[in-house]
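*Asks:* Got structure-v3.txt for you, compact mmCIF, C-alpha atoms:
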```
# COMPACT_ATOMS: atom_id res chain seq x y z
CA MET P 1 181.00 135.72 -82.33
CA SER P 2 183.21 133.95 -79.98
CA HIS P 3 185.69 135.59 -77.92
CA ALA P 4 189.13 134.17 -78.38
CA PRO P 5 190.84 133.34 -75.15
CA SER P 6 193.35 135.83 -73.97
CA GLY P 7 196.94 135.12 -75.03
CA GLU P 8 198.25 135.90 -71.58
CA GLY P 9 198.50 132.94 -69.13
CA SER P 10 197.28 133.41 -65.58
CA LYS P 11 200.00 134.26 -63.14
CA ALA P 12 200.37 132.09 -60.05
CA GLU P 13 201.69 134.03 -57.13
CA PRO P 14 202.38 131.85 -54.10
CA ASN P 15 201.66 133.56 -50.85
CA LEU P 16 205.04 133.77 -49.14
CA THR P 17 203.90 135.41 -45.94
CA PRO P 18 202.72 132.34 -44.04
CA LEU P 19 205.70 130.38 -45.33
CA LEU P 20 208.08 133.00 -44.01
CA ASP P 21 206.16 133.07 -40.76
CA ILE P 22 206.60 129.33 -40.21
CA VAL P 23 210.24 129.45 -41.22
CA LEU P 24 210.93 132.19 -38.71
CA GLN P 25 209.07 130.28 -36.01
CA LEU P 26 211.27 127.23 -36.63
CA LEU P 27 214.34 129.41 -36.71
CA MET P 28 213.51 130.92 -33.33
CA PHE P 29 212.96 127.47 -31.86
CA PHE P 30 216.33 126.15 -32.94
CA MET P 31 218.07 129.35 -31.89
CA MET P 32 216.67 128.93 -28.40
CA CYS P 33 217.87 125.33 -28.27
CA VAL P 34 221.36 125.84 -29.57
CA ASN P 35 224.26 125.30 -27.20
CA PHE P 36 227.62 126.30 -28.52
CA VAL P 37 229.53 125.89 -25.27
CA SER P 38 230.60 122.37 -24.46
CA ASP P 39 230.03 121.30 -20.90
CA GLN P 40 233.54 119.96 -20.49
CA VAL P 41 232.04 116.52 -20.81
CA ASN P 42 233.53 113.76 -22.81
CA GLU P 43 230.99 112.11 -25.08
CA GLY P 44 233.21 109.04 -25.41
CA ILE P 45 232.56 107.97 -21.82
CA LYS P 46 229.75 105.46 -21.46
CA LEU P 47 228.00 106.23 -18.21
CA PRO P 48 226.23 103.51 -16.20
CA VAL P 49 222.43 103.56 -15.90
CA ALA P 50 220.68 104.66 -12.70
CA GLN P 51 216.93 105.23 -12.59
CA SER P 52 217.09 107.38 -9.48
CA ALA P 53 219.52 109.87 -11.02
CA LEU P 54 218.09 113.36 -10.73
CA PRO P 55 217.97 115.89 -13.57
CA MET P 56 221.14 117.95 -13.74
CA SER P 57 220.99 121.04 -11.60
CA LYS P 58 221.75 124.34 -13.31
CA LYS P 59 222.26 126.27 -10.09
CA GLU P 60 225.78 125.01 -9.53
CA THR P 61 228.18 127.45 -11.14
CA ASP P 62 231.54 126.28 -9.90
CA ILE P 63 232.03 122.76 -11.21
CA LEU P 64 235.07 120.59 -11.78
CA PHE P 65 234.39 117.87 -14.33
CA LEU P 66 236.47 114.72 -13.99
CA ASN P 67 235.99 112.29 -16.88
CA LEU P 68 237.35 108.83 -16.08
CA ASN P 69 237.60 106.83 -19.28
CA SER P 70 237.50 103.07 -19.68
CA LYS P 71 241.31 102.88 -19.55
CA GLY P 72 241.35 104.42 -16.08
CA GLU P 73 242.75 107.75 -17.28
CA LEU P 74 241.42 111.11 -16.21
CA GLU P 75 240.38 113.43 -19.01
CA VAL P 76 240.03 117.06 -18.00
CA LEU P 77 239.68 120.31 -19.88
CA GLY P 78 242.93 122.19 -20.20
CA GLU P 79 245.17 119.15 -20.10
CA ASP P 80 246.64 118.09 -23.41
CA HIS P 81 246.73 114.42 -22.51
CA PRO P 82 244.70 112.11 -20.25
CA LEU P 83 246.14 111.99 -16.75
CA LYS P 84 247.38 108.73 -15.32
CA VAL P 85 246.79 107.74 -11.69
CA THR P 86 250.17 109.06 -10.61
CA GLU P 87 249.27 112.54 -11.88
CA TRP P 88 245.84 112.82 -10.30
CA LYS P 89 246.99 113.95 -6.86
CA SER P 90 249.08 116.89 -8.08
CA PHE P 91 246.40 117.95 -10.55
CA LEU P 92 243.65 117.94 -7.92
CA LYS P 93 245.81 119.80 -5.43
CA ARG P 94 246.55 122.45 -8.04
CA GLN P 95 242.89 122.83 -8.91
CA TYR P 96 241.89 123.07 -5.28
CA ASP P 97 244.53 125.69 -4.51
CA ASP P 98 243.27 127.81 -7.40
CA ALA P 99 239.67 127.40 -6.26
CA ASP P 100 240.63 128.23 -2.68
CA ARG P 101 242.38 131.41 -3.76
CA LEU P 102 239.36 132.48 -5.80
CA ALA P 103 237.02 131.70 -2.90
CA ARG P 104 239.09 133.86 -0.55
CA GLU P 105 239.06 136.72 -3.04
CA LYS P 106 235.27 136.49 -3.12
CA GLY P 107 235.13 136.46 0.65
CA GLN P 108 233.92 132.88 0.94
CA LYS P 109 235.05 130.69 3.81
CA ASN P 110 235.16 127.40 1.97
CA VAL P 111 235.61 126.21 -1.56
CA GLN P 112 232.18 125.78 -3.15
CA THR P 113 233.37 123.77 -6.12
CA VAL P 114 231.31 120.68 -6.91
CA VAL P 115 233.34 117.77 -8.23
CA VAL P 116 231.38 115.96 -10.92
CA ILE P 117 232.74 112.50 -11.64
CA ARG P 118 231.80 110.98 -14.97
CA ALA P 119 233.23 107.48 -14.81
CA ASP P 120 232.89 104.93 -17.57
CA LYS P 121 230.80 101.92 -16.65
CA GLU P 122 233.73 99.61 -17.41
CA ASN P 123 235.89 101.09 -14.65
CA ASP P 124 236.63 99.15 -11.49
CA TYR P 125 235.20 100.29 -8.19
CA LYS P 126 238.76 100.67 -6.88
CA GLN P 127 239.59 103.28 -9.55
CA VAL P 128 236.53 105.39 -8.80
CA TYR P 129 237.09 105.09 -5.08
CA SER P 130 240.74 106.16 -5.46
CA LEU P 131 239.63 109.23 -7.36
CA LEU P 132 237.05 110.12 -4.72
CA ASN P 133 239.61 109.64 -1.98
CA MET P 134 242.13 111.87 -3.72
CA CYS P 135 239.50 114.56 -4.15
CA LYS P 136 238.77 114.34 -0.45
CA ALA P 137 242.48 114.54 0.37
CA ALA P 138 242.82 117.61 -1.85
CA GLY P 139 240.07 119.32 0.14
CA TYR P 140 236.92 119.03 -1.96
CA ARG P 141 233.71 118.44 -0.05
CA LYS P 142 230.92 118.31 -2.61
CA TYR P 143 230.59 115.44 -5.04
CA GLN P 144 228.28 114.20 -7.72
CA LEU P 145 228.31 111.07 -9.81
CA ARG P 146 226.81 111.19 -13.27
CA ALA P 147 224.70 108.40 -14.72
CA MET P 148 222.27 107.93 -17.55
CA THR P 149 218.65 108.07 -16.44
CA GLN P 150 217.77 105.46 -19.02
CA ALA P 151 219.69 103.20 -21.34
CA ALA P 152 220.63 105.03 -24.52
CA MET A 1 186.70 174.64 -60.59
CA PRO A 2 190.08 173.24 -60.15
CA HIS A 3 190.30 169.51 -60.11
CA GLU A 4 192.27 168.23 -57.17
CA ARG A 5 194.62 165.48 -57.99
CA ARG A 6 194.60 162.68 -55.55
CA ALA A 7 198.04 161.92 -54.31
CA VAL A 8 198.86 158.32 -55.11
CA ALA A 9 201.14 156.78 -52.55
CA PRO A 10 204.06 155.04 -54.21
CA GLU A 11 203.84 151.27 -53.96
CA VAL A 12 206.65 149.70 -51.95
CA GLU A 13 207.59 146.26 -53.03
CA LEU A 14 209.56 144.31 -50.48
CA PRO A 15 211.65 141.57 -52.06
CA ILE A 16 210.87 138.58 -49.89
CA THR A 17 212.88 136.07 -51.87
CA PRO A 18 216.35 136.93 -50.49
CA MET A 19 214.90 137.25 -47.01
CA LEU A 20 213.40 133.78 -47.28
CA ASP A 21 216.66 132.49 -48.67
CA MET A 22 218.62 133.81 -45.69
CA ALA A 23 216.01 132.47 -43.29
CA PHE A 24 216.39 128.99 -44.81
CA GLN A 25 220.17 129.25 -44.58
CA LEU A 26 220.00 130.08 -40.89
CA LEU A 27 217.40 127.40 -40.26
CA THR A 28 219.60 124.77 -41.91
CA PHE A 29 222.54 125.83 -39.78
CA PHE A 30 220.62 125.59 -36.53
CA VAL A 31 219.02 122.28 -37.51
CA PHE A 32 222.47 120.76 -38.04
CA THR A 33 223.81 122.12 -34.77
CA TYR A 34 220.78 121.06 -32.75
CA HIS A 35 221.44 118.40 -30.09
CA PRO A 36 218.55 116.99 -28.10
CA SER A 37 218.97 117.09 -24.33
CA SER A 38 221.03 114.24 -22.97
CA LEU A 39 219.67 111.63 -20.64
CA GLU A 40 222.41 112.34 -18.11
CA GLY A 41 221.45 112.69 -14.47
CA GLN A 42 223.28 113.39 -11.23
CA MET A 43 223.59 111.47 -7.98
CA GLU A 44 224.79 113.13 -4.81
CA ILE A 45 227.12 111.08 -2.66
CA THR A 46 228.89 111.59 0.62
CA LEU A 47 232.57 111.38 1.32
CA PRO A 48 234.22 107.98 1.26
CA GLY A 49 236.02 106.34 4.12
CA GLY A 50 235.89 107.47 7.73
CA THR A 51 232.48 106.45 9.04
CA GLY A 52 232.24 103.39 6.82
CA GLY A 53 230.33 100.91 8.91
CA VAL A 54 228.00 100.43 11.83
CA ASP A 55 228.63 98.73 15.17
CA VAL A 56 227.44 95.15 14.91
CA VAL A 57 225.47 93.96 17.94
CA GLN A 58 225.82 90.32 18.90
CA GLY A 59 222.74 88.24 18.24
CA GLY A 60 222.31 88.51 14.52
CA ALA A 61 219.61 90.17 12.51
CA SER A 62 216.16 88.91 11.79
CA ASP A 63 215.23 89.40 8.19
CA ASP A 64 211.55 89.45 9.01
CA ASP A 65 211.82 92.42 11.28
CA PRO A 66 215.13 94.25 10.94
CA GLN A 67 215.75 96.80 13.63
CA LEU A 68 215.81 100.38 12.54
CA PRO A 69 219.45 101.48 12.49
CA THR A 70 220.90 104.95 12.34
CA SER A 71 222.95 103.86 9.34
CA LEU A 72 223.22 100.82 7.15
CA LYS A 73 226.02 99.18 5.28
CA VAL A 74 225.42 97.28 2.06
CA ILE A 75 228.13 94.77 1.28
CA ILE A 76 228.42 93.36 -2.22
CA ARG A 77 229.92 89.92 -2.33
CA THR A 78 231.36 89.10 -5.71
CA ARG A 79 232.40 86.10 -7.72
CA GLN A 80 234.64 85.61 -10.66
CA ASP A 81 232.70 85.81 -13.90
CA GLY A 82 233.49 84.22 -17.22
CA ALA A 83 234.88 87.39 -18.74
CA GLY A 84 237.74 87.58 -16.26
CA GLY A 85 236.12 90.29 -14.15
CA ARG A 86 233.96 90.13 -11.07
CA SER A 87 230.20 90.29 -10.79
CA PRO A 88 227.86 90.49 -7.79
CA GLN A 89 226.95 87.18 -6.17
CA HIS A 90 225.05 88.21 -3.04
CA TYR A 91 224.22 91.34 -1.13
CA PHE A 92 224.38 91.69 2.63
CA VAL A 93 223.05 94.48 4.78
CA GLU A 94 224.81 95.21 8.03
CA THR A 95 222.53 96.79 10.59
CA ARG A 96 222.82 97.47 14.30
CA ALA A 97 221.25 94.08 14.85
CA GLY A 98 223.85 92.30 12.78
CA LEU A 99 224.42 91.00 9.32
CA SER A 100 221.47 89.93 7.21
CA SER A 101 221.29 86.65 5.36
CA PRO A 102 222.50 86.76 1.74
CA LEU A 103 220.17 88.63 -0.57
CA PRO A 104 220.48 87.11 -4.04
CA SER A 105 219.21 89.97 -6.15
CA LEU A 106 218.80 93.74 -6.26
CA LYS A 107 215.05 93.23 -5.87
CA ASP A 108 215.58 91.42 -2.58
CA LEU A 109 218.01 94.11 -1.51
CA GLY A 110 215.44 96.79 -2.31
CA GLY A 111 212.77 94.95 -0.32
CA PHE A 112 215.07 94.58 2.67
CA LEU A 113 216.05 98.24 2.62
CA THR A 114 212.41 99.30 2.33
CA LYS A 115 211.61 97.42 5.53
CA ALA A 116 214.80 98.46 7.29
CA ARG A 117 214.28 102.16 6.64
CA ARG A 118 210.59 102.31 7.41
CA GLY A 119 210.02 105.18 9.78
CA SER A 120 213.42 106.69 9.12
CA ASP A 121 213.66 110.44 9.52
CA GLY A 122 215.96 110.73 6.51
CA THR A 123 219.09 111.65 8.44
CA ASP A 124 220.64 108.22 8.29
CA GLU A 125 223.14 107.13 5.73
CA ILE A 126 223.80 104.00 3.70
CA THR A 127 227.39 103.00 3.02
CA VAL A 128 228.23 100.74 0.12
CA GLN A 129 231.20 98.42 0.32
CA ALA A 130 232.39 96.30 -2.59
CA ASP A 131 235.31 94.39 -3.98
CA GLY A 132 237.76 96.77 -5.60
CA ARG A 133 237.73 94.64 -8.73
CA LEU A 134 233.96 94.86 -9.12
CA ASN A 135 232.68 96.70 -12.15
CA TYR A 136 231.64 100.26 -11.26
CA ALA A 137 228.31 99.85 -13.04
CA HIS A 138 227.29 97.15 -10.53
CA VAL A 139 228.18 99.42 -7.61
CA LEU A 140 226.08 102.19 -9.07
CA GLU A 141 223.15 99.77 -9.40
CA VAL A 142 223.29 99.30 -5.64
CA VAL A 143 223.50 103.08 -5.09
CA ASP A 144 220.49 103.39 -7.38
CA VAL A 145 218.52 100.94 -5.23
CA CYS A 146 219.53 102.81 -2.08
CA GLN A 147 218.42 106.18 -3.46
CA ASP A 148 215.26 105.00 -5.24
CA PRO A 149 212.24 106.56 -3.47
CA ARG A 150 210.31 103.28 -3.88
CA ARG A 151 213.02 101.17 -2.28
CA GLY A 152 215.88 102.41 -0.10
CA ASN A 153 214.75 106.05 -0.30
CA CYS A 154 217.98 107.33 1.16
CA ARG A 155 219.69 110.26 -0.50
CA ARG A 156 222.74 110.04 1.74
CA VAL A 157 224.78 107.25 0.26
CA GLY A 158 228.52 106.91 0.66
CA PHE A 159 231.29 104.56 -0.33
CA ALA A 160 233.42 102.45 1.97
CA PRO A 161 237.00 101.50 1.09
CA PRO A 162 237.17 98.59 -1.36
CA SER A 163 237.60 95.15 0.06
CA ASP A 164 238.17 91.66 -1.22
CA ALA A 165 234.62 90.61 -0.35
CA GLY A 166 234.53 87.85 -2.89
CA ASP A 167 235.58 84.34 -3.79
```
What would you get if you wrote out this structure as structure tokens?
*Replies:*
Amino acid sequence: MSHAPSGEGSKAEPNLTPLLDIVLQLLMFFMMCVNFVSDQVNEGIKLPVAQSALPMSKKETDILFLNLNSKGELEVLGEDHPLKVTEWKSFLKRQYDDADRLAREKGQKNVQTVVVIRADKENDYKQVYSLLNMCKAAGYRKYQLRAMTQAA
Amino acid sequence: MPHERRAVAPEVELPITPMLDMAFQLLTFFVFTYHPSSLEGQMEITLPGGTGGVDVVQGGASDDDPQLPTSLKVIIRTRQDGAGGRSPQHYFVETRAGLSSPLPSLKDLGGFLTKARRGSDGTDEITVQADGRLNYAHVLEVVDVCQDPRRGNCRRVGFAPPSDAGD
């Protein structure tokens, strides 16, 4: 007498717990790495390469980003169009006056703003120097140049 | 003898499928918005102009044993290149002892600066002067050499006003 096989098929139940565990691990990783706020940097600017460039410091909180594109125009956050050379002086003076007022309200003696210059590698030295000179004339004292640590 | 009924705890079934679905949705979103860290770095510089150069002492400099100056000036001499712009031709280093002979490459410049700054206490400064028409990338290469710990090893680098130091 043989026993007929059971009509019911065996049920395969995948174990979802470890799958969910891995998915949540990945989710946490990408949530930690997300950065919704743009750094006021212009991705269209091709920075020159400098091996001795240091990793960007996170301790600076008051930063003015000046993006100098390949056409010699200044692209800054808050301005609806790139600024030409003739507009740089008034813009920088305005920014410095605002920073100075804020510094006085905080009780600081001097403006602590760091001017970060992101100049395209195709710019002339004269253009970058003019920008630095105007920043100095406006009153800024701290400067940084940005460069790629290795060729992209 | 009364029979005690064992209380059977109700089975709770947690539907994992919608939870997994939402987790995948969120994961997809964060994967698409993920940007790896950029390769951007920062270089500190000092103010331009003002104390651009050093006093040149009559007598010239000896490249074999350059005197230790309190500050150095790197001059980039340029030439017209085929693309209509200007490119570096030679590099000169102005020290207290005088102007060096032309250094043809960045490697030679790095070697000269290494010797010149041997024994420096780190308070001196290097000023870079170049033709205003020179491409900014070339100027930054020189700044890179000046700040490289294996070569110039000087974190205080500044810019001098542009000149027509070329052909």
*Asks:* Got a sec: who's within 12 Å of Asn110 (chain P), counting all atoms listed in the file, leaving out chain neighbours fewer than 2 positions off, as a list of chain:residue names?
*Replies:*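 The filter keeps P:Tyr96, P:Asp97, P:Ala99, P:Asp100, P:Arg101, P:Leu102, P:Ala103, P:Arg104, P:Glu105, P:Lys106, P:Gly107, P:Gln108, P:Gln112, P:Thr113, P:Val114, P:Gly139, P:Tyr140, P:Arg141, P:Lys142.
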*Asks:* Do a neighbour search on Leu131 (chain P) at 12 Å with all atoms listed in the file, toss out local chain neighbours closer than 6 positions, and write the hits as a PyMOL selection string.
*Replies:* (chain P and resi 66-68+72-74+83-89+91-92+115-119+123-125+137-138+140+143+145) or (chain A and resi 47-48+159+161)
*Asks:* Could the residues of chain P within 9 Å of chain A, counting only C-alpha atoms, be given as an MDAnalysis selection string, please?
*Replies:* chainID P and resid 16:17 19:20 23:24 26:28 30:31 33:36 47:57 116 119:130 132:133 136 141:152
*Asks:* For a test of reading the model, state the distance in Å between CA of Thr114 (chain A) and CA of Arg96 (chain A), rounded to one decimal.
*Replies:*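 These atoms are spaced 16.0 Å apart.
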*Asks:* Distance CA of Glu125 (chain A)-CA of Gly152 (chain A), one decimal place?
*Replies:*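 Straight-line distance from CA of Glu125 (chain A) to CA of Gly152 (chain A) works out to 10.4 Å.
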*Asks:* CA of Phe112 (chain A) and CA of Ser100 (chain A), how far apart in Å?
*Replies:*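 Separation of CA of Ser100 (chain A) and CA of Phe112 (chain A): 9.1 Å.
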*Asks:* For the point (219.0, 95.3, -5.2) in the file's frame, write as a PDB file with C-alpha atoms, in the frame of the given file all residues with an atom no more than 8 Å away, counting all atoms listed in the file.
*Replies:*
```pdb
ATOM      1  CA  TYR A  91     224.220  91.340  -1.130  1.00  0.00           C
ATOM      2  CA  SER A 105     219.210  89.970  -6.150  1.00  0.00           C
ATOM      3  CA  LEU A 106     218.800  93.740  -6.260  1.00  0.00           C
ATOM      4  CA  LYS A 107     215.050  93.230  -5.870  1.00  0.00           C
ATOM      5  CA  ASP A 108     215.580  91.420  -2.580  1.00  0.00           C
ATOM      6  CA  LEU A 109     218.010  94.110  -1.510  1.00  0.00           C
ATOM      7  CA  GLY A 110     215.440  96.790  -2.310  1.00  0.00           C
ATOM      8  CA  GLY A 111     212.770  94.950  -0.320  1.00  0.00           C
ATOM      9  CA  GLU A 141     223.150  99.770  -9.400  1.00  0.00           C
ATOM     10  CA  VAL A 142     223.290  99.300  -5.640  1.00  0.00           C
ATOM     11  CA  VAL A 145     218.520 100.940  -5.230  1.00  0.00           C
TER      12      VAL A 145
END
```
*Asks:* Measuring atom to atom with all atoms listed in the file, identify which of P:Glu75, P:Leu64, P:Asn69, P:Pro82 is nearest to Gln95 (chain P).
*Replies:*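 Residue with the minimum atom-to-atom distance to Gln95 (chain P): P:Leu64.
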